[in-house]
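Notes to accompany the following structure.
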Amino acid sequence: MSRFWFRNIFILFFAFFHFIRGQFEPRYDPFDWIIFTKPGAITSISEGYSYIYFGTEMGGVLRYHIYANKMDFPLTMAQGLSSNRIQSVHFDFESGVLWVATDKGLDYSHMREGGWTHLKKRDIGMDMNNPVKKVGSSQRYLWIQSNNSFLKLDQNSGNFLSVMSHPDDEKINWSASSSIEDIKLEHPIDTYIMVEGWIYNSGILIDPSGRSKSISTFYSSRYGDVWMGINDGTIFKGDYHMETFYPITYGLAETNVSALNLSESGTWIAGNSNPSLGITYLNPEQNYYHLYEYEVNINMPPQKIYSLLSLKDEIWFGGELGILIYNTNRDYWRILDESKINLKGSITTMAWDSSFVWIGSNYGISRVNPVSKRAEIVGSVEGVSFESFFKNESIYDIEYIEKKIWIGTEYGLFIYDDMSESIYDFRKFGNFSILGGEENQFSEFWEIEKYKNVVYFATKQGIISYNTLTGYWNMLFRSHSIRQQRVTSMVFNDRYGFFGTNFSLLKFDFKHLFIDEYSYPIIGQINELSLEDDQLWIGSSQGLIRYLWKNE
């Protein structure tokens, strides 16, 4: 970890800035950071002392606890892997070492959770463009098959020993690897019952929606259970006592998480990947995932999602085609398009004022009656219609605060009072004596967030605040303190403010007045933040990230 200090944050006096950059740091416990993402195809299966390990196409190594009979947290770049794209995974019973072949090289760990050592492909006698087909081990050596050659490595260090056309060891325990040929189940496994609507017949696997799937890898465990990995990321456990296959879903429908909503019952996760595939419901405590895929759900056209709102028994998803609404009681989807919401463009923000849902896009603002599911005109303000006031203007954020609608746009901040039917420029609202005229310089109000009696605003010029009790506006820090990064999301507690940007995570300490910046590659571009006590949930271009920030 490299750290640089700056004295360039002014809050009436100096504050400090810590700059943290570089490869992910060993100062964290292995699961202080966890990445949940779309797994892709299952590429490899291996069995360890307590876990069944599943290599995935893009989601790291998934783990099933043999004795607890449940999925555990995955191994990804957050734990120290060189990449989340896994070509093969192998556990060596002789040495107790877990080996993971990625598109970057070969990783290994004696701890099997953290403490990873990385070997580049050239260090083990491989060409960078050659993939690892499978990894195995004998009593004394580690073996790697790559194309038509076999690499012989040291069992504990991975040091390259030799390359040969055929192994000179007869007893090699190979992990299950993906196959380009169709995998057919042999008798009596082909007679196992498939549950939850899946069908297997003579080598053909059909999912509950009638789509054909292929078995990418197959493994028989030492306890008699069998495991199948599917090309869509689904895992099947074949219980040899019950002679039944049980599907396991572990991972998101999207890689790029742009909207999330946390509640006691579970978490809704949506994204703006290209192409967009669906929406995920996750219960983190039970490791339960349910994917609502666009191609198999009626009234759910594929689209990128940018905002999310929970309303009683409905979840609203703002997207590029309008608003998707899911009724949790009736398990029913519907779409409100431009003709119903009277607004075009991508719905980037939504707010609920107990009567209407206010929505904003890159073309203006509207409000929707949640009962009739239709837009209702706000009315005229000083002779000009409310909607016309914001027509063709990018609406960044809308919040309902103190019985008023706060609207952040590319040109400024506006406050709508429904009682008086008036729109105020923020500069006519409250006391600006502390800012000393700086309020006239602010533009592009990207984010609005209220914590207790203080409302925070992320602008192009910096972070400012408004105290709803005293009426005073204040400056938290200026944008040059964070190198002009755009703040995309922010959350607060009594001690800290967390800010997501296009490049990093920022943590501002209100007591000591300094900023820590976390610019780890595992974070990616942050789209959304949500805070639950010691857990900071991050929706980013890398997936959904959980960070135990108090453990630092």
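Just remember, in the structure tokens the first chain shown is A, the second B, etc., residues are 1-based per chain, and ligands are 1-based in the order shown.
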
**Q.** Test item: residues at most 9 Å from region 492-502 of chain A, only C-alpha atoms, excluding those fewer than 3 positions along its chain, as a list in words
**A.**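 What passes the distance filter is Glu449, Lys450, Tyr451, Lys452, Gln485, Arg486, Val487, Thr488, Ser489, Leu505, Leu506, Lys507, Phe508, Asp509, Phe510, Lys511, Gly524, Gln525, Ile526, Asn527, Glu528, Leu529, Leu531, Asp533, Leu536 and Ile538 of chain A.
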
Q. What gap, in Å, lies between CA of Thr267 (chain A) and CA of Thr280 (chain A)?
A. 8.1 Å

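Using only C-alpha atoms, the smallest distance between any of A:Gly251, A:Gly278, A:Gly379, A:Pro284 and Asn297 (chain A) comes from A:Gly278.
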
Q: Show which residues sit within 6 Å of Phe432 (chain A), as a list in words. Count only C-alpha atoms, and ignore same-chain residues fewer than 2 positions away.
A: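 Selected residues are Ile434, Leu435 and Trp473 of chain A.
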
Q: Work out how far apart CA of Pro370 (chain A) and CA of Glu410 (chain A) are and give it in Å to one decimal.
A: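 Computing the Euclidean distance for CA of Pro370 (chain A) and CA of Glu410 (chain A) yields 27.3 Å.
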
(Q) With distances taken over only C-alpha atoms, which residue among A:Asp397, A:Asp331, A:Asp417, A:Asp32 lies nearest Trp549 (chain A)? (A)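 The answer is A:Asp32, which sits nearest to Trp549 (chain A).
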
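As for CA of Trp446 (chain A) and CA of Lys460 (chain A), they are spaced 7.7 Å apart.
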
Q.
Run DSSP on the backbone and tell me which residues of region 293-528 of chain A come out as strand (DSSP E); list them as a ChimeraX atom specification.
A. /A:293,305-311,314-319,322-327,332-336,347-352,357-361,364-369,374-375,380-381,384-385,395-401,404-409,413-417,422-425,447-451,454-458,462-467,473-478,487-492,496-501,505-509,514-518,526-528

Q: Determine, counting only C-alpha atoms, which protein, DNA and RNA residues have an atom within 6 Å of an atom of region 47-57 of chain A; residues of the same chain fewer than 3 positions away are not included. Present the result as a PyMOL selection string.
A: chain A and resi 39-44+60-66+85-86+88-89+91

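The residue that comes closest to Ile248 (chain A), out of A:Ile401, A:Met71, A:Ile172, A:Ile463 and on the basis of only C-alpha atoms, is A:Met71.
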
**Q.** Residues near Ile395 (chain A), cut-off 6 Å, only C-alpha atoms, skip fewer than 6 positions along chain, as a VMD selection string
**A.** chain A and resid 360 to 362 409

For the residues selected in the previous step, produce a file with C-alpha atoms as an mmCIF file, in the first residue's frame.
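Okay, out.cif is ready:
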```cif
data_model
loop_
_atom_site.group_PDB
_atom_site.id
_atom_site.type_symbol
_atom_site.label_atom_id
_atom_site.label_comp_id
_atom_site.auth_asym_id
_atom_site.auth_seq_id
_atom_site.Cartn_x
_atom_site.Cartn_y
_atom_site.Cartn_z
ATOM 1 C CA GLY A 360 -36.465 12.146 -13.702
ATOM 2 C CA SER A 361 -34.640 11.358 -16.920
ATOM 3 C CA ASN A 362 -32.181 12.995 -19.274
ATOM 4 C CA THR A 409 -30.023 19.033 -12.446
#
```

(Q) Using DSSP assignments from the backbone, pull out every residue in region 40-132 of chain A that falls under helix (DSSP H, G or I) and give it to me as number ranges by chain. (A) A: 121-124

Q: Determine, counting only C-alpha atoms, which protein, DNA and RNA residues have an atom within 8 Å of an atom of region 95-103 of chain A; residues of the same chain fewer than 4 positions away are not included. Present the result as a PyMOL selection string.
A: chain A and resi 82-91+107-112+131-132+135+155-156

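Of the listed residues (A:Tyr456, A:Tyr192, A:Trp537, A:Trp352), A:Trp352 comes nearest to Ile405 (chain A); the distances count only C-alpha atoms.
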
**Q.** Nearest to Asn299 (chain A) by atom-to-atom distance, counting only C-alpha atoms, from A:Asp337, A:Asp353, A:Glu285, A:Asp127
**A.**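 Checking each candidate against Asn299 (chain A), we get A:Asp337 as the closest.
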